[in-house]
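These notes are about the structure you will find just below.
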Amino acid sequence: MRELSAPKGVSEYFPPRSQYFEFVRETLINAAKVSGYQLMELPVFEDTELFKRGVGESTDVVSKEMYTFEDRGGRSITLRPEGTAGVMRSVIEHNLDKLSLPIKVWYSGAFFRAERPQAGRYRQFYQVGIEAIGLNDPEIDFEVIAVADRAFKALGLKSYRLDITSLGDSKSRASHRKDLLAYLATLDLDEATRARATINPLRLFDDKRIEIQKAMAGAPLLLDYLSEESADSFARVQELLTDAGIEFRINPRMVRGLDYYTGTTFEFVSEKLGAQSGIGGGGRYDGLMSELGGNDLSGIGFGLGVDRILLACEAEGIFDSQEVKSEIELFVIPLSVAEKSYVAKLVNELRKEGVKCDMAYGDRALKGAMKSADKSGARFSIVIGGDEINSGRVALKEMKTGTSKEVRISALSDEIKAN
Ligand code: HAM
């Protein structure tokens with residue numbers, strides 16, 4: 001029989017490492033929640049058209065990396081490669097923009113891109129994202145960037161940097177586009193590259209080929225074409241970041257992998273990771289909502305790569321000093337097979353009272369069961385034999401110190417909660 005394995009290039013988390021993954025994800029989510037963002041839980045598959053229109057056909061994400069298939073009703077379906085388009089679709093469909101603005105939502109889950117797998121780049125990966133929709137305000141741009149920065153700092157990350165730029169408003173982009181296209185016309189480009197440039201000429205700044213990179217060194221930069229309004233707004237964002245002590249670098253050549261960006265755009269980069277060092281990114285998207293058939297409202301958000309942030313935490317040794325925090329408070333060991341049923345019932349009762357506990361299963365000797373208690377990371381353990389059942393008293397052992405204290409079985413839950 002053929003051996004089964006996970007599809008190529010997916011990330012998987014199982015114990016003991018999964019606890020760190022969970023810790024990272026929850027810390028990122030918490031930074032969003034405490035800033036007033038509310039949960040949005042969306043489907044992992046959507047109408048293919050949503051991503052074509054939302055993310056853009058000039059992007060690698062749409063042209064090369066989508067998991068697209070026909071469902072049983074003959075509809076073209078795509079596994080979500082990113083979260084923003086889906087959030088927008090939902091906001092429009094459910095008229096959420098009729099409520100007070102901005103709409104502030106967070107999401108967390110799996111995303112799918114058929115990329116060439118390598119360390120930190122997966123075909124199924126995890127993001128925590130936020131979107132603030134409905135207002136175009138530099139204070140919100142600042143808030144969104146600050147939420148990500150706070151999340152990284154809460155994890156204890158130090159070796160990362162923030163790159164920002166502005167892609168301006170439609171006026172800024174139109175005047176830049178004219179000059180950029182004129183510049184590109186002087187270059188000797190192949191047909192496919194020229195076609196990409198027609199959809200989004202900015203994409204050429206991101207071309208990995210050395211000859212294109214060289215040719216683009218002299219290209220006009222959008223940052224020099226900002227309208228007065230865009231320039232003022234970008235200056236305000238920088239001022240707010242500086243006042244908040246959030247360091248950043250202006251990178252006028254930044255190109256995001258998705259086409260919807262306008263205005264403030266940013267990326268967080270870990271200095272401890274290899275080629276796949278982007279741990280999060282985002283920006284403003286002026287035209288996305290109207291492009292998808294909704295009102296002409298702006299929005300801004302980010303997507304943070306949970307997998308890469310976990311790798312960055314590990315590379316910075318963040319979990320080396322941090323003790324593995326077990327969920328389990330009490331581990332209960334039956335002395336022999338005779339006490340197993342009693343212990344199963346006791347553990348069930350204690351859980352009802354809110355004590356996080358587990359027990360030794362199977363017919364292992366006491367020594368083996370003690371090892372399980374150690375491995376569980378529980379703070380306390382007890383061994384229950386006939387004497388304990390008869391007297392109603394147990395020795396509650398603190399695992400770290402090895403000291404014991406006699407406690408009535410009926411008082412176990414109070415005793416553990418008090419400690
Ligand atoms: P993105 O830059 O394409 O933006 O992805 C955000 C983050 O997801 C990246 O910085 C990276 O950490 C992680 N990521 C992306 N692709 C992979 C992969 N193949 N394997 C592992 N991690 C990956 C977006 O997705 C936008 N929707 C963000 C956004 C929200 N912009 C505005 N609102």
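Ligands are numbered from 1 in the order shown, chains are lettered A, B, ... in the order of the structure tokens, and residues start at 1 in each chain.
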List all protein, DNA and RNA residues that have at least one atom no more than 7 Å from any atom of ligand 1, counting only C-alpha atoms and all ligand atoms, and write them as an mmCIF file with C-alpha atoms, in the first residue's frame.
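See selection.cif below for the written result:
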data_model
loop_
_atom_site.group_PDB
_atom_site.id
_atom_site.type_symbol
_atom_site.label_atom_id
_atom_site.label_comp_id
_atom_site.auth_asym_id
_atom_site.auth_seq_id
_atom_site.Cartn_x
_atom_site.Cartn_y
_atom_site.Cartn_z
ATOM 1 C CA GLU A 82 -5.169 36.185 0.955
ATOM 2 C CA GLY A 83 -7.817 37.676 3.216
ATOM 3 C CA THR A 84 -8.564 41.243 2.167
ATOM 4 C CA ARG A 113 -0.636 29.800 -2.683
ATOM 5 C CA GLU A 115 4.432 28.666 -4.604
ATOM 6 C CA GLY A 120 9.258 29.866 5.431
ATOM 7 C CA ARG A 121 7.311 29.589 2.185
ATOM 8 C CA TYR A 122 4.445 27.160 2.151
ATOM 9 C CA ARG A 123 1.499 26.255 -0.027
ATOM 10 C CA GLN A 124 -0.806 26.334 2.969
ATOM 11 C CA PHE A 125 0.216 28.937 5.523
ATOM 12 C CA TYR A 126 -1.368 30.923 8.335
ATOM 13 C CA GLN A 127 -2.108 34.600 8.675
ATOM 14 C CA GLY A 129 -4.918 39.956 9.615
ATOM 15 C CA ILE A 130 -6.854 43.106 10.350
ATOM 16 C CA GLU A 131 -8.779 45.505 8.136
ATOM 17 C CA ARG A 256 3.733 44.501 -2.707
ATOM 18 C CA GLY A 257 2.668 41.205 -4.254
ATOM 19 C CA LEU A 258 -0.962 42.304 -4.608
ATOM 20 C CA GLU A 267 6.260 45.613 5.268
ATOM 21 C CA GLY A 278 8.690 39.178 5.200
ATOM 22 C CA ILE A 279 6.829 38.536 8.442
ATOM 23 C CA GLY A 280 3.921 40.819 7.664
ATOM 24 C CA GLY A 281 2.745 43.486 5.318
ATOM 25 C CA GLY A 282 -0.166 45.588 4.314
ATOM 26 C CA GLY A 283 -1.387 48.974 3.268
ATOM 27 C CA ARG A 284 -4.231 51.099 2.096
ATOM 28 C CA ILE A 300 -6.277 49.695 5.260
ATOM 29 C CA GLY A 301 -5.046 46.501 6.827
ATOM 30 C CA PHE A 302 -2.280 43.974 7.222
ATOM 31 C CA GLY A 303 -1.606 40.263 7.018
ATOM 32 C CA LEU A 304 0.952 38.781 9.407
ATOM 33 C CA GLY A 305 2.552 35.436 8.533
ATOM 34 C CA VAL A 306 2.173 33.279 11.638
ATOM 35 C CA ASP A 307 4.508 30.547 10.302
ATOM 36 C CA ARG A 308 7.329 32.991 9.633
#
| task | Taking the DSSP assignment computed from this structure's backbone, write out as an NGL selection string all residues of stretch 214-326 of chain A that belong to helix (DSSP H, G or I). | result | :A and (214-216 or 222-225 or 228-243 or 288-291 or 306-315 or 318-321)
| task | For stretch 400-404 of chain A, list every protein, DNA or RNA residue within 12 Å, evaluated using only C-alpha atoms, and leave out those in the same chain fewer than 5 positions away; present the list as an NGL selection string. | result | :A and (373-374 or 377-383 or 394-395)
| message | At a cut-off of 12 Å, using only C-alpha atoms, what residues contact A:Asp47? Leave out same-chain residues fewer than 6 positions from it and give the result as a PyMOL selection string. | response | chain A and resi 53-54+66-71+74-80+85-86+89+292
| said: I need the strand (DSSP E or B) residues of stretch 238-376 of chain A per DSSP on the backbone, written as an MDAnalysis selection string. | reply: chainID A and resid 249:250 262:270 278:284 299:305 330:334 357:359
| task | Excluding A:Asp286 and any residue of its chain fewer than 2 positions from it, enumerate the residues within 10 Å of it, using only C-alpha atoms, and give them as an MDAnalysis selection string. | result | chainID A and resid 133:136 168:170 260:263 283:284 288:291 296:300
Could those selected residues go to a file with N, CA, C and O atoms, as a short mmCIF file (atom, residue, chain, number, x, y, z; two decimals), in the first residue's frame?
data_model
loop_
_atom_site.label_atom_id
_atom_site.label_comp_id
_atom_site.auth_asym_id
_atom_site.auth_seq_id
_atom_site.Cartn_x
_atom_site.Cartn_y
_atom_site.Cartn_z
N ILE A 133 -11.96 49.55 7.61
CA ILE A 133 -12.57 49.94 6.34
C ILE A 133 -13.51 51.13 6.49
O ILE A 133 -14.31 51.18 7.44
N GLY A 134 -13.43 52.06 5.54
CA GLY A 134 -14.44 53.11 5.46
C GLY A 134 -13.94 54.51 5.67
O GLY A 134 -14.66 55.46 5.38
N LEU A 135 -12.73 54.69 6.19
CA LEU A 135 -12.21 56.03 6.38
C LEU A 135 -10.79 56.11 5.85
O LEU A 135 -10.03 55.16 5.95
N ASN A 136 -10.47 57.28 5.29
CA ASN A 136 -9.11 57.50 4.81
C ASN A 136 -8.48 58.54 5.72
O ASN A 136 -8.72 59.72 5.56
N GLY A 168 0.45 56.70 -2.98
CA GLY A 168 -0.32 57.89 -3.37
C GLY A 168 -1.78 57.64 -3.72
O GLY A 168 -2.28 56.52 -3.64
N ASP A 169 -2.46 58.73 -4.11
CA ASP A 169 -3.86 58.62 -4.55
C ASP A 169 -3.88 58.46 -6.07
O ASP A 169 -2.82 58.41 -6.71
N SER A 170 -5.08 58.43 -6.64
CA SER A 170 -5.16 58.14 -8.08
C SER A 170 -4.47 59.24 -8.90
O SER A 170 -3.86 58.96 -9.93
N TYR A 260 -3.86 45.78 -5.21
CA TYR A 260 -4.86 46.76 -4.76
C TYR A 260 -4.31 47.94 -3.96
O TYR A 260 -5.05 48.83 -3.56
N TYR A 261 -3.00 47.97 -3.71
CA TYR A 261 -2.49 48.98 -2.78
C TYR A 261 -2.45 50.40 -3.33
O TYR A 261 -2.18 50.64 -4.49
N THR A 262 -2.71 51.34 -2.43
CA THR A 262 -2.62 52.78 -2.70
C THR A 262 -2.15 53.40 -1.38
O THR A 262 -2.16 52.72 -0.35
N GLY A 263 -1.74 54.64 -1.40
CA GLY A 263 -1.41 55.33 -0.15
C GLY A 263 -0.36 54.61 0.69
O GLY A 263 0.54 53.95 0.16
N GLY A 283 -1.30 47.62 3.79
CA GLY A 283 -1.39 48.97 3.27
C GLY A 283 -2.82 49.36 2.97
O GLY A 283 -3.76 48.60 3.25
N ARG A 284 -2.92 50.55 2.40
CA ARG A 284 -4.23 51.10 2.10
C ARG A 284 -4.68 50.64 0.72
O ARG A 284 -3.85 50.31 -0.14
N LEU A 288 -10.39 49.22 -4.06
CA LEU A 288 -10.78 47.80 -4.00
C LEU A 288 -12.28 47.59 -3.85
O LEU A 288 -12.90 46.78 -4.54
N MET A 289 -12.89 48.35 -2.95
CA MET A 289 -14.30 48.13 -2.66
C MET A 289 -15.16 48.43 -3.89
O MET A 289 -16.07 47.65 -4.22
N SER A 290 -14.87 49.53 -4.59
CA SER A 290 -15.69 49.84 -5.77
C SER A 290 -15.40 48.85 -6.90
O SER A 290 -16.30 48.46 -7.63
N GLU A 291 -14.15 48.40 -6.98
CA GLU A 291 -13.79 47.39 -7.99
C GLU A 291 -14.62 46.12 -7.81
O GLU A 291 -14.96 45.42 -8.76
N ASP A 296 -17.58 53.44 -2.92
CA ASP A 296 -16.19 53.85 -3.13
C ASP A 296 -15.56 54.26 -1.79
O ASP A 296 -15.34 55.43 -1.53
N LEU A 297 -15.32 53.26 -0.95
CA LEU A 297 -14.72 53.54 0.35
C LEU A 297 -13.30 53.00 0.39
O LEU A 297 -12.99 51.98 -0.23
N SER A 298 -12.46 53.66 1.15
CA SER A 298 -11.09 53.20 1.29
C SER A 298 -10.96 52.27 2.49
O SER A 298 -11.90 52.13 3.29
N GLY A 299 -9.81 51.65 2.62
CA GLY A 299 -9.57 50.81 3.79
C GLY A 299 -8.09 50.58 3.93
O GLY A 299 -7.31 50.92 3.03
N ILE A 300 -7.69 50.05 5.07
CA ILE A 300 -6.28 49.69 5.26
C ILE A 300 -6.19 48.50 6.19
O ILE A 300 -7.05 48.32 7.05
#
| query | Given the choices A:Leu167, A:Ile199, A:Ile333, A:Leu181, which gets closest to A:Tyr225 if the distance is worked out from only C-alpha atoms? | reply |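 Between A:Leu167, A:Ile199, A:Ile333, A:Leu181, the residue approaching A:Tyr225 most closely is A:Leu167.
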Find the spatial neighbours of A:Leu39, counting only C-alpha atoms, within a cut-off of 7 Å - ignore same-chain residues fewer than 2 positions away - and output them as a short mmCIF file (atom, residue, chain, number, x, y, z; two decimals) with N, CA, C and O atoms, in the first residue's frame.
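Output file part.cif is given in full below:
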data_model
loop_
_atom_site.label_atom_id
_atom_site.label_comp_id
_atom_site.auth_asym_id
_atom_site.auth_seq_id
_atom_site.Cartn_x
_atom_site.Cartn_y
_atom_site.Cartn_z
N TYR A 37 -10.69 45.66 17.28
CA TYR A 37 -11.02 44.89 16.07
C TYR A 37 -11.87 43.68 16.47
O TYR A 37 -11.64 43.08 17.51
N GLU A 41 -15.08 35.71 10.42
CA GLU A 41 -14.74 34.32 10.07
C GLU A 41 -15.30 34.07 8.69
O GLU A 41 -16.51 34.12 8.50
N VAL A 105 -12.11 44.85 11.65
CA VAL A 105 -12.22 43.40 11.84
C VAL A 105 -10.85 42.72 11.83
O VAL A 105 -9.90 43.23 11.25
N TRP A 106 -10.79 41.57 12.51
CA TRP A 106 -9.59 40.72 12.44
C TRP A 106 -9.99 39.34 11.96
O TRP A 106 -11.16 38.94 12.09
N TYR A 107 -9.03 38.63 11.41
CA TYR A 107 -9.27 37.25 10.97
C TYR A 107 -7.99 36.45 11.16
O TYR A 107 -6.90 37.01 11.28
#
| said: Measuring between only C-alpha atoms, which one of A:Ala195, A:Met40, A:Arg25, A:Pro220 shows the shortest distance to A:Leu96? | reply: A:Met40
| Neighbours of A:Gly156 within 10 Å (only C-alpha atoms; same-chain residues fewer than 4 positions away dropped), as a PyMOL selection string? | chain A and resi 150-152+313+316-319
Using N, CA, C and O atoms, can you write the selected residues to a file as a short mmCIF file (atom, residue, chain, number, x, y, z; two decimals), in the first residue's frame?
data_model
loop_
_atom_site.label_atom_id
_atom_site.label_comp_id
_atom_site.auth_asym_id
_atom_site.auth_seq_id
_atom_site.Cartn_x
_atom_site.Cartn_y
_atom_site.Cartn_z
N ARG A 150 3.13 46.39 17.92
CA ARG A 150 2.87 46.01 19.32
C ARG A 150 2.83 44.49 19.46
O ARG A 150 3.34 43.93 20.42
N ALA A 151 2.25 43.84 18.48
CA ALA A 151 2.16 42.37 18.52
C ALA A 151 3.57 41.77 18.50
O ALA A 151 3.88 40.87 19.28
N PHE A 152 4.43 42.30 17.63
CA PHE A 152 5.81 41.76 17.56
C PHE A 152 6.55 42.01 18.86
O PHE A 152 7.28 41.14 19.35
N CYS A 313 10.70 34.00 15.95
CA CYS A 313 10.78 33.87 17.42
C CYS A 313 11.80 32.79 17.78
O CYS A 313 12.62 32.98 18.69
N GLU A 316 15.28 33.95 17.23
CA GLU A 316 15.72 34.90 18.25
C GLU A 316 15.80 34.26 19.64
O GLU A 316 16.04 34.94 20.63
N GLY A 317 15.56 32.96 19.70
CA GLY A 317 15.68 32.24 20.97
C GLY A 317 14.64 32.61 22.00
O GLY A 317 14.85 32.44 23.20
N ILE A 318 13.50 33.11 21.54
CA ILE A 318 12.48 33.59 22.47
C ILE A 318 11.91 32.48 23.36
O ILE A 318 11.59 32.72 24.51
N PHE A 319 11.86 31.27 22.83
CA PHE A 319 11.26 30.20 23.65
C PHE A 319 12.31 29.44 24.46
O PHE A 319 11.96 28.58 25.25
#
